[in-house]
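Notes for the one structure printed next.
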Amino acid sequence: MSLDAASRSPGLLPESLLRRWAIPLALALFAAVTAVRFAVTDARVGSITLLFIVPIALLAIAEGTWAGLASGGLALVLLAIWAIVRDVDISAVDYAARAIAFATTGGLVGLYADRARATMRALQEREETLAAVSTQLRERADELERSNADLERFAYVASHDLAEPLRTISGFTTLLGRRYKGRLDREADEFIGFIEDGTRRMQALIRALLDLSRAGQSDGRPERVDLAAALADVLNSLHAQIRDQDATVRAEGLPVVTGDAAQLRQLLQNLVANAVKFRTEERPVVVVSARHVADDRVEVSVADNGIGVPPDQAERIFQPFERAAAGHEGAGIGLAVCARIVATHRGRIWVEPRTEGGSVFRFTLPA
Amino acid sequence: MNNGRMINILLVEDNPADVRLTQEALKEAANATTRLHVAGDGAKALQFLRREGEHGGAPRPDLVLLDLNLPGIDGREVLKNIKADPDLRRIPVVVLTTSPSEDDIIHAYDQHVNSYIRKPVDLDRFLDVLRAIDDYWLGSVSLPPR
């Protein structure tokens, strides 16, 4: 927001010149004329002129250029009437000098006042527009936050409430299978198997949905998190997988960042677990590194030599329940959870292919 | 520890399917001679414990298995009432619920619950839990005399 656009509107004289010199000049001129009159002739003329000049200036300030000029003219007429009534001798030169003084005062002060008023109005309008826009924005943000929270609550409640009847189904199906397997016919056993399988898959989905709805929820303020220590914790909890896959996970220069420690551990854990899980024939090698991309931003990379992500899947894999690779267990929410965690840290996550095979997942965090 | 003694368990649970499942599971899991009494809501549970109304001749339970989400007086209220009652507060109360809420867990222990157990979804795990309850509360623990 600036004054410049309004005050640079073209006028009779350059604005800066008017503002700086016109009024002092007019007043100086008037003071000089009055002073000369005081010294040389009748002091009363000077005094009466001085009496007029103040209301003219005030009128010009209040009502603008034309009011200023009109009051200047009126003052001249009143001066003439006063001169006639009191029988004061005023020369034509005196009248001319006063006419100039009144006109310059009324006109210039009024012009300046008009300009100032226009500027103020423009400024006010702009401020109002801005306030309206910011209110709108705030309302939109509140709305978004509310609907987001509603959605999270909905997912949580839905998944929690879905789990209840599913417990009943799976419990009694298992009981049925256990007590009556082989005592009904082969088809019945098969059907029980299908129900059991279906409930198991649904349980996994509900668990995933619950995990996802909780993923973005932080219970504390952002804290300083040492990513190297976080990764060490992650490697500890992934110890069995890493050993079973004969994988190597290397950390290179991991900094301290700002965020939620539990969430950042979860983020690293999901990415490292994926890197180890989606492997080729080669021994999995995972490198976790980081670099500053701005003063307050860190970009972390998790590079692997695994099966890679097809370019057309690069965006989709961060959606919940999307699975790029077939034949692997899991509900397909690991990367969706990562995306949510990065989003709550106001960062970005994406995946790039590596020329030597495999992929590199990158995300940004506040330093 | 409680050899030969008939163990009375009060199950406070509103869902008939869950009641049945618990009965079946206890049948498979329990070693001790147990009798399962069922109260379908919080008010009935308190009546049973206080031997009021139709429960005039009810035995004093040795263990209460309490669900938290009940119609009317809910499990949290029942727990508060039991632990505030000098006659009843000695009876071990095990909360057995699907609620994963941390607030519920903290609140229950604040109210002196004896254990808080989340019902596993999987039947085999549920059986494990009941077996553990049976082993511990009815096998290892010395219960207060009635």
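We name chains A, B, ... following the order of the structure tokens; residues begin at 1 in each chain, and ligands are numbered from 1 as shown.
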
For Asp124 in chain B: contacts at 10 Å, only C-alpha atoms, fewer than 5 positions along chain excluded, given as an NGL selection string: (:A and (171 or 174-175)) or (:B and (25 or 129-130))

Please write the residues from the selection above to a file, keeping C-alpha atoms, as a PDB file, in the first residue's frame.
ATOM      1  CA  GLY A 171     -14.926 -62.933  16.364  1.00  0.00           C
ATOM      2  CA  THR A 174     -13.346 -67.360  13.911  1.00  0.00           C
ATOM      3  CA  LEU A 175     -15.422 -69.119  16.531  1.00  0.00           C
TER       4      LEU A 175
ATOM      5  CA  ALA B  25     -13.851 -66.929  25.262  1.00  0.00           C
ATOM      6  CA  VAL B 129      -6.314 -61.339  26.963  1.00  0.00           C
ATOM      7  CA  LEU B 130      -9.045 -63.230  28.770  1.00  0.00           C
TER       8      LEU B 130
END

Non-local contacts of Arg146 in chain B (9 Å; only C-alpha atoms; under 4 positions in same chain excluded) as a list in words: Arg60, Pro61 and Asp62 of chain B

Selection file, N, CA and C atoms, as a short mmCIF file (atom, residue, chain, number, x, y, z; two decimals), in the first residue's frame:
data_model
loop_
_atom_site.label_atom_id
_atom_site.label_comp_id
_atom_site.auth_asym_id
_atom_site.auth_seq_id
_atom_site.Cartn_x
_atom_site.Cartn_y
_atom_site.Cartn_z
N ARG B 60 -21.65 -61.32 45.71
CA ARG B 60 -20.70 -60.24 45.55
C ARG B 60 -19.65 -60.68 44.53
N PRO B 61 -19.50 -59.91 43.44
CA PRO B 61 -18.54 -60.37 42.42
C PRO B 61 -17.09 -60.29 42.92
N ASP B 62 -16.25 -61.18 42.43
CA ASP B 62 -14.83 -61.16 42.78
C ASP B 62 -14.06 -60.28 41.82
#

Lys119 in chain B surroundings by only C-alpha atoms, 12 Å radius, close-in-sequence under 5 positions cut, as a PyMOL selection string: (chain A and resi 163-164+167-168+171) or (chain B and resi 18+21-22+65-68+94-100+124-130)

Nearby residues (only C-alpha atoms) at most 12 Å from Arg200 in chain A, same-chain spacing under 4 positions excluded, as an MDAnalysis selection string: (chainID A and resid 163 166:167 169:171 173:174 193:196 204:207 330:331) or (chainID B and resid 121:123)

Near-Leu335 in chain A list (10 Å; only C-alpha atoms; drop same-chain fewer than 6 positions) as a PyMOL selection string: chain A and resi 267+270-271+274+316-323+341+349

Go ahead and save the picked residues with N, CA and C atoms, as an mmCIF file, in the first residue's frame.
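Written output follows (selection_16.cif):
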data_model
loop_
_atom_site.group_PDB
_atom_site.id
_atom_site.type_symbol
_atom_site.label_atom_id
_atom_site.label_comp_id
_atom_site.auth_asym_id
_atom_site.auth_seq_id
_atom_site.Cartn_x
_atom_site.Cartn_y
_atom_site.Cartn_z
ATOM 1 N N LEU A 267 7.904 -40.281 9.842
ATOM 2 C CA LEU A 267 8.203 -39.931 8.449
ATOM 3 C C LEU A 267 9.438 -40.685 7.951
ATOM 4 N N ASN A 270 8.770 -44.555 7.783
ATOM 5 C CA ASN A 270 8.007 -45.015 6.619
ATOM 6 C C ASN A 270 8.868 -45.021 5.368
ATOM 7 N N LEU A 271 9.684 -43.969 5.192
ATOM 8 C CA LEU A 271 10.492 -43.872 3.979
ATOM 9 C C LEU A 271 11.596 -44.925 3.957
ATOM 10 N N ASN A 274 10.084 -48.381 3.419
ATOM 11 C CA ASN A 274 9.752 -48.566 2.006
ATOM 12 C C ASN A 274 10.994 -48.849 1.178
ATOM 13 N N ARG A 316 0.754 -40.034 -7.629
ATOM 14 C CA ARG A 316 -0.313 -40.853 -7.060
ATOM 15 C C ARG A 316 0.089 -41.592 -5.804
ATOM 16 N N ILE A 317 1.362 -41.958 -5.725
ATOM 17 C CA ILE A 317 1.760 -42.803 -4.588
ATOM 18 C C ILE A 317 1.598 -42.102 -3.244
ATOM 19 N N PHE A 318 1.448 -40.756 -3.263
ATOM 20 C CA PHE A 318 1.268 -40.053 -1.989
ATOM 21 C C PHE A 318 -0.199 -39.973 -1.578
ATOM 22 N N GLN A 319 -1.073 -40.518 -2.440
ATOM 23 C CA GLN A 319 -2.494 -40.558 -2.096
ATOM 24 C C GLN A 319 -2.758 -41.788 -1.222
ATOM 25 N N PRO A 320 -3.720 -41.675 -0.293
ATOM 26 C CA PRO A 320 -4.018 -42.838 0.537
ATOM 27 C C PRO A 320 -4.543 -44.013 -0.289
ATOM 28 N N PHE A 321 -4.194 -45.191 0.109
ATOM 29 C CA PHE A 321 -4.664 -46.445 -0.483
ATOM 30 C C PHE A 321 -4.233 -46.645 -1.933
ATOM 31 N N GLU A 322 -3.196 -45.911 -2.363
ATOM 32 C CA GLU A 322 -2.629 -46.143 -3.694
ATOM 33 C C GLU A 322 -1.388 -46.996 -3.523
ATOM 34 N N ARG A 323 -1.295 -48.022 -4.338
ATOM 35 C CA ARG A 323 -0.086 -48.833 -4.263
ATOM 36 C C ARG A 323 0.540 -48.941 -5.638
ATOM 37 N N ILE A 341 2.394 -35.628 7.190
ATOM 38 C CA ILE A 341 3.365 -35.121 8.177
ATOM 39 C C ILE A 341 4.149 -33.950 7.592
ATOM 40 N N ILE A 349 6.855 -32.788 -0.380
ATOM 41 C CA ILE A 349 7.501 -34.094 -0.548
ATOM 42 C C ILE A 349 7.286 -34.539 -1.982
#
